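*Asks:* My structure is in coords.txt, and what it holds is compact mmCIF, C-alpha atoms:
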# COMPACT_ATOMS: atom_id res chain seq x y z
CA MET A 1 21.22 5.76 16.17
CA ARG A 2 22.93 8.52 14.23
CA ASP A 3 21.71 12.09 14.76
CA PRO A 4 18.14 11.18 15.75
CA VAL A 5 15.61 13.98 15.45
CA MET A 6 12.65 12.09 16.87
CA VAL A 7 12.74 8.65 18.49
CA GLY A 8 9.80 6.26 18.70
CA GLU A 9 9.44 2.73 20.01
CA ARG A 10 10.38 0.96 16.78
CA VAL A 11 11.48 3.71 14.39
CA TYR A 12 13.35 6.99 14.55
CA LEU A 13 13.71 9.99 12.25
CA ARG A 14 16.96 11.58 11.19
CA PRO A 15 18.23 13.77 8.34
CA MET A 16 18.99 11.94 5.10
CA GLU A 17 22.67 11.18 4.53
CA ALA A 18 24.66 10.46 1.37
CA ASP A 19 24.68 6.70 1.92
CA ASP A 20 20.84 6.70 1.81
CA ALA A 21 20.90 7.42 -1.93
CA GLU A 22 21.41 3.81 -3.01
CA VAL A 23 18.60 2.56 -0.76
CA LEU A 24 16.19 5.24 -2.00
CA ALA A 25 16.84 4.30 -5.63
CA ARG A 26 16.22 0.63 -4.81
CA MET A 27 13.01 1.63 -2.99
CA ASP A 28 11.79 3.50 -6.08
CA ALA A 29 12.53 0.47 -8.25
CA ALA A 30 10.53 -1.79 -5.92
CA GLU A 31 7.45 0.46 -5.79
CA THR A 32 4.32 -1.53 -6.57
CA ASP A 33 1.75 1.27 -6.38
CA THR A 34 1.26 3.50 -9.41
CA PHE A 35 -1.50 5.90 -8.33
CA MET A 36 0.95 8.61 -7.30
CA TRP A 37 2.53 9.11 -10.71
CA ARG A 38 1.25 10.22 -14.08
CA SER A 39 4.32 8.51 -15.45
CA ARG A 40 7.46 7.33 -13.77
CA MET A 41 11.08 6.88 -14.67
CA PRO A 42 13.79 4.76 -13.04
CA THR A 43 15.73 6.87 -10.55
CA SER A 44 19.49 6.81 -10.10
CA PRO A 45 21.40 6.86 -6.81
CA LEU A 46 23.27 9.80 -8.36
CA GLU A 47 20.21 12.01 -8.44
CA HIS A 48 19.20 11.02 -4.93
CA ALA A 49 22.74 11.82 -3.77
CA HIS A 50 22.51 15.22 -5.42
CA SER A 51 19.16 15.94 -3.77
CA ILE A 52 20.44 14.80 -0.39
CA SER A 53 23.52 17.03 -0.68
CA GLU A 54 21.26 20.08 -1.16
CA ALA A 55 18.40 19.04 1.11
CA TYR A 56 19.51 20.91 4.22
CA GLU A 57 21.34 23.87 2.69
CA GLN A 58 18.54 26.37 3.17
CA GLN A 59 17.89 27.26 6.79
CA PRO A 60 15.13 27.54 7.75
CA PRO A 61 13.97 25.19 5.01
CA VAL A 62 10.94 25.41 2.76
CA HIS A 63 10.82 21.64 2.42
CA LEU A 64 12.11 19.14 4.97
CA TRP A 65 12.54 15.42 4.39
CA LEU A 66 13.53 13.07 7.22
CA ALA A 67 14.65 9.46 6.91
CA VAL A 68 12.60 6.80 8.72
CA ARG A 69 14.87 4.11 10.14
CA LEU A 70 14.22 1.00 12.20
CA ARG A 71 15.75 1.18 15.65
CA ASP A 72 16.42 -2.53 15.40
CA GLY A 73 19.06 -2.92 12.68
CA ASP A 74 19.04 0.73 11.57
CA ARG A 75 17.51 -0.03 8.16
CA LEU A 76 16.18 2.90 6.12
CA ILE A 77 12.53 2.07 5.43
CA GLY A 78 11.11 5.33 4.11
CA LEU A 79 10.82 9.09 4.29
CA VAL A 80 8.49 11.54 5.96
CA GLY A 81 8.45 15.24 5.27
CA VAL A 82 6.81 18.60 5.62
CA PHE A 83 6.76 20.88 2.58
CA ASP A 84 5.91 24.44 1.64
CA LEU A 85 6.68 25.48 5.18
CA ASP A 86 5.38 28.97 5.83
CA TRP A 87 7.26 30.40 8.79
CA VAL A 88 4.96 33.43 9.05
CA HIS A 89 1.61 31.68 8.94
CA ARG A 90 3.09 28.53 10.56
CA THR A 91 1.64 26.01 8.14
CA GLY A 92 2.94 23.17 6.00
CA GLU A 93 2.01 20.12 3.97
CA THR A 94 3.00 16.67 5.17
CA GLY A 95 3.81 13.59 3.14
CA SER A 96 5.40 10.20 3.50
CA VAL A 97 6.60 7.19 1.55
CA LEU A 98 7.36 3.75 2.92
CA ALA A 99 9.13 0.79 1.32
CA PRO A 100 6.53 -1.66 -0.04
CA ASP A 101 7.78 -4.62 2.00
CA VAL A 102 7.24 -2.91 5.39
CA ARG A 103 3.76 -1.51 4.78
CA GLY A 104 0.86 -2.65 6.96
CA GLN A 105 3.02 -3.23 10.03
CA GLY A 106 2.46 0.08 11.82
CA TYR A 107 5.84 1.60 11.01
CA GLY A 108 4.32 4.30 8.85
CA THR A 109 1.80 5.29 11.52
CA GLU A 110 4.54 5.56 14.13
CA ALA A 111 6.78 7.56 11.79
CA LYS A 112 3.95 9.94 10.92
CA HIS A 113 3.15 10.49 14.60
CA LEU A 114 6.81 11.35 15.16
CA LEU A 115 6.69 13.80 12.26
CA LEU A 116 3.51 15.43 13.59
CA GLU A 117 5.05 15.71 17.05
CA TYR A 118 8.06 17.38 15.46
CA CYS A 119 5.84 19.79 13.49
CA PHE A 120 3.56 20.78 16.34
CA ASP A 121 5.77 20.52 19.42
CA ARG A 122 9.20 21.44 18.03
CA LEU A 123 8.39 23.77 15.14
CA HIS A 124 5.17 25.04 16.75
CA LEU A 125 3.26 24.98 13.49
CA HIS A 126 -0.41 25.92 13.73
CA MET A 127 -2.03 23.90 10.94
CA LEU A 128 -0.93 21.14 8.61
CA MET A 129 -2.49 19.79 5.46
CA SER A 130 -1.99 16.69 3.38
CA VAL A 131 -3.04 15.62 -0.10
CA VAL A 132 -4.02 12.14 -1.23
CA ASP A 133 -4.85 10.95 -4.73
CA GLU A 134 -8.47 9.84 -4.65
CA PRO A 135 -7.79 6.16 -5.44
CA ASN A 136 -5.34 5.92 -2.53
CA ALA A 137 -7.77 4.73 0.13
CA ARG A 138 -4.93 3.38 2.27
CA SER A 139 -3.35 6.79 2.75
CA ALA A 140 -6.72 8.50 3.27
CA ALA A 141 -7.53 6.03 6.06
CA ALA A 142 -4.11 6.57 7.61
CA LEU A 143 -4.63 10.34 7.67
CA ALA A 144 -8.00 9.91 9.39
CA LYS A 145 -6.33 7.84 12.10
CA GLN A 146 -3.85 10.66 12.67
CA GLY A 147 -6.68 13.14 13.20
CA TYR A 148 -6.73 14.84 9.79
CA GLN A 149 -10.12 16.25 8.79
CA PRO A 150 -11.49 16.27 5.22
CA ALA A 151 -11.04 19.76 3.68
CA GLY A 152 -12.35 19.22 0.16
CA ARG A 153 -10.74 18.29 -3.11
CA ARG A 154 -8.71 19.57 -6.02
CA ARG A 155 -10.63 18.53 -9.08
CA TRP A 156 -8.92 16.97 -12.07
CA SER A 157 -5.54 16.85 -10.41
CA ASP A 158 -4.43 13.97 -12.61
CA VAL A 159 -5.44 11.58 -15.35
CA LYS A 160 -5.52 7.85 -14.69
CA ASN A 161 -6.89 5.10 -16.88
CA GLY A 162 -8.30 7.68 -19.25
CA ARG A 163 -10.29 9.44 -16.54
CA TYR A 164 -9.74 12.51 -14.43
CA VAL A 165 -9.03 11.82 -10.79
CA ASP A 166 -9.26 14.30 -7.93
CA ALA A 167 -6.87 14.94 -5.07
CA LEU A 168 -8.42 14.83 -1.61
CA LEU A 169 -7.31 17.53 0.81
CA PHE A 170 -7.12 17.11 4.58
CA ASP A 171 -6.13 19.53 7.33
CA LEU A 172 -5.07 19.05 10.91
CA ALA A 173 -4.98 21.30 13.97
CA ARG A 174 -2.71 20.56 16.88
CA SER A 175 -5.65 19.79 19.22
CA GLU A 176 -6.98 17.22 16.76
CA TRP A 177 -3.58 15.59 16.49
CA LEU A 178 -3.23 15.39 20.29
CA ALA A 179 -6.61 13.63 20.56
CA ALA A 180 -5.72 11.20 17.78
CA ARG A 181 -2.33 10.51 19.31
CA ASP A 182 -3.86 9.72 22.71
CA GLU A 183 -6.37 7.41 21.05
CA TRP A 184 -3.62 5.68 19.07
CA ARG A 185 -1.48 5.21 22.18
CA ALA A 186 -4.42 3.80 24.17
CA HIS A 187 -5.27 1.42 21.35
CA ARG A 188 -1.68 0.28 21.10
CA ALA A 189 -1.43 -0.23 24.85
CA THR A 190 -4.40 -2.59 24.84
CA ARG A 191 -2.68 -4.73 22.19
CA GLU A 192 0.58 -5.06 24.08
CA PRO A 193 1.08 -8.28 26.08
CA MET B 1 11.92 50.12 -25.68
CA GLY B 2 10.13 50.71 -22.35
CA VAL B 3 8.07 48.33 -20.25
CA HIS B 4 4.99 49.85 -21.83
CA ASP B 5 5.84 47.97 -25.03
CA LEU B 6 5.88 44.65 -23.13
CA ARG B 7 2.18 44.76 -22.28
CA PRO B 8 0.60 41.63 -23.78
CA VAL B 9 -2.63 42.55 -25.53
CA TYR B 10 -4.30 39.55 -23.92
CA LEU B 11 -3.44 40.51 -20.33
CA ARG B 12 -4.63 44.10 -20.20
CA GLY B 13 -7.39 45.27 -17.88
CA SER B 14 -8.78 48.66 -16.99
CA ARG B 15 -6.68 49.13 -13.83
CA VAL B 16 -3.82 46.67 -14.25
CA TYR B 17 -1.97 44.68 -16.87
CA LEU B 18 0.38 41.73 -16.50
CA ARG B 19 3.74 41.53 -18.22
CA ALA B 20 6.98 39.58 -18.07
CA MET B 21 9.46 40.71 -15.45
CA VAL B 22 12.28 43.05 -16.49
CA ASP B 23 15.63 43.95 -14.95
CA ALA B 24 14.33 47.30 -13.68
CA ASP B 25 11.83 45.46 -11.47
CA LYS B 26 14.66 44.75 -9.04
CA GLU B 27 14.17 48.29 -7.76
CA ARG B 28 10.64 47.40 -6.62
CA GLY B 29 11.31 43.97 -5.11
CA GLY B 30 9.23 44.69 -2.03
CA ALA B 31 6.14 44.94 -4.21
CA TRP B 32 6.41 41.62 -6.01
CA LEU B 33 8.94 39.23 -4.44
CA ASP B 34 7.27 36.75 -2.11
CA GLU B 35 10.03 36.31 0.43
CA THR B 36 9.43 35.79 4.13
CA PHE B 37 11.43 38.87 5.11
CA PRO B 38 12.05 42.27 3.44
CA VAL B 39 14.42 42.32 0.46
CA ASN B 40 16.66 44.91 -1.19
CA ALA B 41 17.41 45.43 -4.88
CA SER B 42 20.39 43.08 -4.77
CA ARG B 43 18.27 40.19 -3.52
CA ALA B 44 15.52 40.99 -6.02
CA GLU B 45 18.08 41.01 -8.84
CA LYS B 46 19.31 37.56 -7.82
CA ALA B 47 15.73 36.26 -7.70
CA LEU B 48 15.09 37.65 -11.19
CA GLY B 49 18.23 35.93 -12.45
CA ASP B 50 17.32 32.62 -10.83
CA GLU B 51 13.81 32.73 -12.27
CA HIS B 52 14.95 33.53 -15.83
CA THR B 53 17.72 31.06 -16.55
CA GLY B 54 16.09 29.68 -19.69
CA PRO B 55 12.93 28.32 -21.24
CA GLY B 56 13.02 25.33 -18.88
CA ARG B 57 12.03 27.63 -16.04
CA ARG B 58 8.72 28.36 -17.70
CA ALA B 59 7.11 25.72 -15.49
CA GLN B 60 6.97 28.56 -12.99
CA ARG B 61 6.60 31.94 -14.59
CA ARG B 62 6.18 35.14 -12.59
CA LEU B 63 4.38 38.07 -14.16
CA ALA B 64 4.44 41.64 -12.90
CA ILE B 65 1.05 43.09 -11.98
CA THR B 66 1.36 46.65 -13.16
CA ARG B 67 -0.93 49.64 -12.80
CA THR B 68 -2.22 50.80 -16.16
CA GLU B 69 -2.22 54.51 -15.36
CA ASP B 70 1.43 54.85 -14.31
CA ASP B 71 3.19 51.49 -14.96
CA GLU B 72 3.85 51.04 -11.24
CA VAL B 73 4.50 47.44 -10.25
CA VAL B 74 1.97 46.64 -7.52
CA GLY B 75 2.48 42.89 -7.21
CA SER B 76 3.17 39.69 -9.05
CA ALA B 77 1.34 36.59 -10.14
CA ARG B 78 3.08 33.26 -10.42
CA VAL B 79 1.74 30.78 -12.97
CA SER B 80 2.93 27.26 -12.14
CA SER B 81 2.40 24.17 -14.26
CA TRP B 82 4.39 20.97 -14.54
CA ASP B 83 2.40 19.54 -17.43
CA ALA B 84 2.65 22.16 -20.16
CA LEU B 85 -0.23 24.27 -18.81
CA ARG B 86 -2.71 21.38 -18.66
CA THR B 87 -3.15 22.03 -14.93
CA CYS B 88 -2.18 25.50 -13.68
CA GLN B 89 -1.77 26.96 -10.24
CA LEU B 90 -1.87 30.70 -9.59
CA SER B 91 -0.39 32.51 -6.63
CA PHE B 92 -0.17 36.21 -5.90
CA ARG B 93 2.09 38.57 -4.03
CA MET B 94 0.83 42.12 -3.65
CA ALA B 95 2.55 45.22 -2.28
CA ARG B 96 1.63 45.27 1.38
CA TRP B 97 1.51 49.05 1.65
CA ARG B 98 -1.30 49.54 -0.84
CA GLU B 99 -4.90 49.72 0.35
CA ASP B 100 -6.32 48.71 -3.03
CA SER B 101 -4.33 45.47 -3.34
CA ASP B 102 -7.41 43.27 -3.17
CA ALA B 103 -9.07 45.12 -6.05
CA LEU B 104 -5.91 45.04 -8.20
CA ARG B 105 -5.36 41.34 -7.53
CA ALA B 106 -9.02 40.71 -8.37
CA GLU B 107 -8.65 42.21 -11.82
CA ALA B 108 -5.38 40.35 -12.42
CA LEU B 109 -7.04 37.06 -11.47
CA GLY B 110 -9.86 37.61 -13.94
CA LEU B 111 -7.39 38.30 -16.75
CA LEU B 112 -5.31 35.21 -15.93
CA VAL B 113 -8.24 32.81 -15.70
CA HIS B 114 -9.64 34.00 -19.00
CA TRP B 115 -6.22 33.67 -20.70
CA LEU B 116 -5.35 30.25 -19.25
CA ARG B 117 -8.75 28.56 -19.48
CA ASP B 118 -10.30 30.13 -22.55
CA GLU B 119 -7.30 30.88 -24.77
CA THR B 120 -4.54 28.52 -23.63
CA GLU B 121 -7.15 25.77 -23.03
CA ALA B 122 -5.77 24.77 -19.67
CA MET B 123 -7.75 21.87 -18.23
CA VAL B 124 -8.00 23.35 -14.76
CA VAL B 125 -6.82 26.56 -13.09
CA THR B 126 -6.41 26.56 -9.31
CA VAL B 127 -5.83 29.41 -6.88
CA GLU B 128 -5.68 29.50 -3.09
CA LEU B 129 -7.15 32.66 -1.56
CA ALA B 130 -7.43 33.93 1.99
CA ALA B 131 -11.04 34.16 3.14
CA ASP B 132 -10.68 37.90 3.79
CA GLN B 133 -9.66 38.70 0.18
CA LEU B 134 -13.25 39.49 -0.62
CA GLU B 135 -12.83 41.34 -3.93
CA THR B 136 -10.55 38.64 -5.29
CA ILE B 137 -13.00 35.95 -4.22
CA ALA B 138 -15.81 37.81 -5.98
CA ALA B 139 -13.66 38.05 -9.12
CA ALA B 140 -12.89 34.34 -8.95
CA GLU B 141 -16.56 33.48 -8.77
CA ALA B 142 -17.39 35.95 -11.53
CA ALA B 143 -14.79 34.20 -13.70
CA GLY B 144 -16.57 30.89 -13.14
CA MET B 145 -14.28 29.50 -10.47
CA VAL B 146 -15.80 27.22 -7.85
CA ARG B 147 -14.64 26.72 -4.27
CA ASN B 148 -13.68 23.09 -3.86
CA ALA B 149 -11.78 23.05 -0.56
CA ARG B 150 -11.27 25.04 2.63
CA LEU B 151 -8.18 24.76 4.82
CA ARG B 152 -9.08 26.01 8.27
CA GLU B 153 -7.20 28.81 10.05
CA TRP B 154 -4.51 28.80 7.38
CA PHE B 155 -3.36 32.41 7.35
CA GLY B 156 -2.36 34.47 10.35
CA ARG B 157 -3.80 37.94 10.78
CA PRO B 158 -3.40 40.47 13.57
CA GLY B 159 -5.52 39.06 16.37
CA GLY B 160 -6.65 35.92 14.60
CA ARG B 161 -6.53 33.63 11.61
CA VAL B 162 -8.52 33.16 8.41
CA ASP B 163 -9.21 30.13 6.26
CA CYS B 164 -7.62 29.30 2.92
CA LEU B 165 -10.15 28.81 0.13
CA VAL B 166 -9.21 26.66 -2.85
CA TYR B 167 -10.94 27.91 -6.01
CA GLN B 168 -10.81 26.13 -9.35
CA ALA B 169 -11.91 26.83 -12.89
CA LEU B 170 -12.57 23.66 -14.87
CA ASN B 171 -12.45 24.07 -18.61
CA PRO B 172 -15.85 23.05 -20.01
CA ARG B 173 -14.22 21.97 -23.26
CA TRP B 174 -12.29 19.32 -21.32
CA GLU B 175 -15.40 18.46 -19.30
CA VAL B 176 -17.15 17.26 -22.44
CA ARG B 177 -14.37 14.74 -23.02
CA ASP B 178 -14.90 13.39 -19.50
CA ALA B 179 -18.56 12.59 -20.15
For this file, write the structure as structure tokens.

*Replies:*
Amino acid sequence: MRDPVMVGERVYLRPMEADDAEVLARMDAAETDTFMWRSRMPTSPLEHAHSISEAYEQQPPVHLWLAVRLRDGDRLIGLVGVFDLDWVHRTGETGSVLAPDVRGQGYGTEAKHLLLEYCFDRLHLHMLMSVVDEPNARSAAALAKQGYQPAGRRRWSDVKNGRYVDALLFDLARSEWLAARDEWRAHRATREP
Amino acid sequence: MGVHDLRPVYLRGSRVYLRAMVDADKERGGAWLDETFPVNASRAEKALGDEHTGPGRRAQRRLAITRTEDDEVVGSARVSSWDALRTCQLSFRMARWREDSDALRAEALGLLVHWLRDETEAMVVTVELAADQLETIAAAEAAGMVRNARLREWFGRPGGRVDCLVYQALNPRWEVRDA
């Protein structure tokens, strides 16, 4: 593992590096879901490389992306991040993206728990929020498992299939995350041989 | 030409007006620049330069909230939109030393919502307000905005925290098309 920030059982988080750019562009090209974009455009490794080169310049950051990598084989499988960090009010917005071929295997849940542990126990943030496009039931269910509570909606956040769609807002306090994490760990323990 | 000549006729209220930022505003950076820590004129000048590098930066435009009676800058409003003003987000930074900031922000919000929704025909205007900004909340509701979300304990205050309220104004002319 290179420069791990948080280490889980199967995945770990670390800062993005220049050689991640090619993988991220390939991940964009392989994306099968379309609900998160009004329109999309093929991305180049060059633009990812540029973003990565600037990603950690500002300290403390306003936005922080971390690479999600498999401990076994060290493959980059996605990104998790916390954005609009407010260092006075100690709040931020979380988000994540996972390569289509590794979804549904628990990697994303583990990575998100590592991110939340980083936010609450390392950065000592007080509250987090997350936003999900209304059709994205998979992400909304994942947030509920991590302890996020429904906070309302932003109406007409996008247009899809000729109709307005809303964005669903969720928020999360540290105590709620701790309870959800304990529940997730207990559930996982019962499934282990 | 003074800043008085930059007052848009469509963004004038009784106590405040909104105008584009000017170079002289660097001298009052503490009133309008939403940085985490205090700034001096040099930092404010750099921020002004960064925010006015060309028309492409109009996706995020900051406007000075200025007192009508004496042209004093008392805060700023940022209008953000990544889809040519179809969906707009508003955010405010007010001078922390003023006791009437809530009232001044309230009037500025009313002017902005009217301009964006009714004249510019924005589809939806969104603003996030702290639950203790009572005059601004009243102005939002008077302008037809509706609270659609509440983020708990979002803003720190001496001795406690307050919620963040997400208010939105949907443009009824767009609502008809959704029927």

*Asks:* Could the residues of chain B within 8 Å of chain A, counting all atoms listed in the file, be given as JSON, numbers by chain, please?

*Replies:* {"B": [36, 87, 123, 124, 148, 149, 150, 151, 152, 153, 154, 155, 156, 166, 168, 170, 178]}

*Asks:* Could you save the residues just selected, with C-alpha atoms, as a PDB file, in the frame of the given file?

*Replies:*
ATOM      1  CA  THR B  36       9.430  35.790   4.130  1.00  0.00           C
ATOM      2  CA  THR B  87      -3.150  22.030 -14.930  1.00  0.00           C
ATOM      3  CA  MET B 123      -7.750  21.870 -18.230  1.00  0.00           C
ATOM      4  CA  VAL B 124      -8.000  23.350 -14.760  1.00  0.00           C
ATOM      5  CA  ASN B 148     -13.680  23.090  -3.860  1.00  0.00           C
ATOM      6  CA  ALA B 149     -11.780  23.050  -0.560  1.00  0.00           C
ATOM      7  CA  ARG B 150     -11.270  25.040   2.630  1.00  0.00           C
ATOM      8  CA  LEU B 151      -8.180  24.760   4.820  1.00  0.00           C
ATOM      9  CA  ARG B 152      -9.080  26.010   8.270  1.00  0.00           C
ATOM     10  CA  GLU B 153      -7.200  28.810  10.050  1.00  0.00           C
ATOM     11  CA  TRP B 154      -4.510  28.800   7.380  1.00  0.00           C
ATOM     12  CA  PHE B 155      -3.360  32.410   7.350  1.00  0.00           C
ATOM     13  CA  GLY B 156      -2.360  34.470  10.350  1.00  0.00           C
ATOM     14  CA  VAL B 166      -9.210  26.660  -2.850  1.00  0.00           C
ATOM     15  CA  GLN B 168     -10.810  26.130  -9.350  1.00  0.00           C
ATOM     16  CA  LEU B 170     -12.570  23.660 -14.870  1.00  0.00           C
ATOM     17  CA  ASP B 178     -14.900  13.390 -19.500  1.00  0.00           C
TER      18      ASP B 178
END

*Asks:* Between atom CA of A:His124 and atom CA of A:Gln59, what is the distance in Å, rounded to a tenth?

*Replies:*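 Distance reported for this atom pair: 16.3 Å.
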
*Asks:* To one decimal in Å, tell me the separation between atom CA of A:Met16 and atom CA of A:Trp65.

*Replies:*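 These atoms are spaced 7.4 Å apart.
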
*Asks:* Could you work out how far atom CA of A:Lys145 lies from atom CA of A:Val23, giving the answer in Å with one decimal?

*Replies:*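 For atom CA of A:Val23 relative to atom CA of A:Lys145, the distance reads 28.5 Å.
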
*Asks:* Neighbourhood query: residues within 9 Å of (8.8, 8.5, -1.7), file coordinates, counting all atoms listed in the file; return as an MDAnalysis selection string.

*Replies:* chainID A and resid 24 27:28 78:80 95:99

*Asks:* Need to verify the contact set: stretch 63-77 of chain B, 10 Å, all atoms listed in the file, exclusion of same-chain residues closer than 2 positions in sequence. Can you return it as a VMD selection string?

*Replies:* chain B and resid 3 to 4 7 11 to 22 25 28 to 34 60 to 61 79 to 80 90 to 98 100 to 101 104 to 105 107 to 109 112

*Asks:* Give me, as a PyMOL selection string, all polymer residues having an atom no more than 8 Å from A:Val62, counting only C-alpha atoms and skipping those fewer than 6 positions away in the same chain.

*Replies:* chain A and resi 83-86

*Asks:* Find, counting only C-alpha atoms, the residue in B:Leu111, B:Glu27, B:Thr120, B:Val125 that gets nearest to B:Ala139.

*Replies:*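 Closest to B:Ala139, using only C-alpha atoms: B:Leu111.
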
*Asks:* With distances taken over only C-alpha atoms, which of A:Val165, A:Val131, A:Leu13, A:Val82 is nearest to A:Gly108?

*Replies:*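 Among the listed residues, A:Leu13 lies closest to A:Gly108.
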
*Asks:* Using all atoms listed in the file, which of A:Met1, A:Val132, A:Leu116, A:Ala142 sits nearest A:Leu76?

*Replies:*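 Going through A:Met1, A:Val132, A:Leu116, A:Ala142 one by one, the smallest distance to A:Leu76 is for A:Met1.
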
*Asks:* Residues within 9 Å of A:Pro15, please, as a PyMOL selection string. Count all atoms listed in the file; anything in the same chain fewer than 2 positions from it doesn't count.

*Replies:* chain A and resi 3-5+13+17+55-56+64-68

*Asks:* Please write the residues from the selection above to a file, keeping C-alpha atoms, as a PDB file, in the coordinates of the input.

*Replies:*
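Once everything was written out, this is selection_1.pdb:
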ATOM      1  CA  ASP A   3      21.710  12.090  14.760  1.00  0.00           C
ATOM      2  CA  PRO A   4      18.140  11.180  15.750  1.00  0.00           C
ATOM      3  CA  VAL A   5      15.610  13.980  15.450  1.00  0.00           C
ATOM      4  CA  LEU A  13      13.710   9.990  12.250  1.00  0.00           C
ATOM      5  CA  GLU A  17      22.670  11.180   4.530  1.00  0.00           C
ATOM      6  CA  ALA A  55      18.400  19.040   1.110  1.00  0.00           C
ATOM      7  CA  TYR A  56      19.510  20.910   4.220  1.00  0.00           C
ATOM      8  CA  LEU A  64      12.110  19.140   4.970  1.00  0.00           C
ATOM      9  CA  TRP A  65      12.540  15.420   4.390  1.00  0.00           C
ATOM     10  CA  LEU A  66      13.530  13.070   7.220  1.00  0.00           C
ATOM     11  CA  ALA A  67      14.650   9.460   6.910  1.00  0.00           C
ATOM     12  CA  VAL A  68      12.600   6.800   8.720  1.00  0.00           C
TER      13      VAL A  68
END

*Asks:* Neighbours of B:Glu141 within 10 Å (all atoms listed in the file; same-chain residues fewer than 6 positions away dropped), as a VMD selection string?

*Replies:* chain B and resid 110 135 147 167 to 169
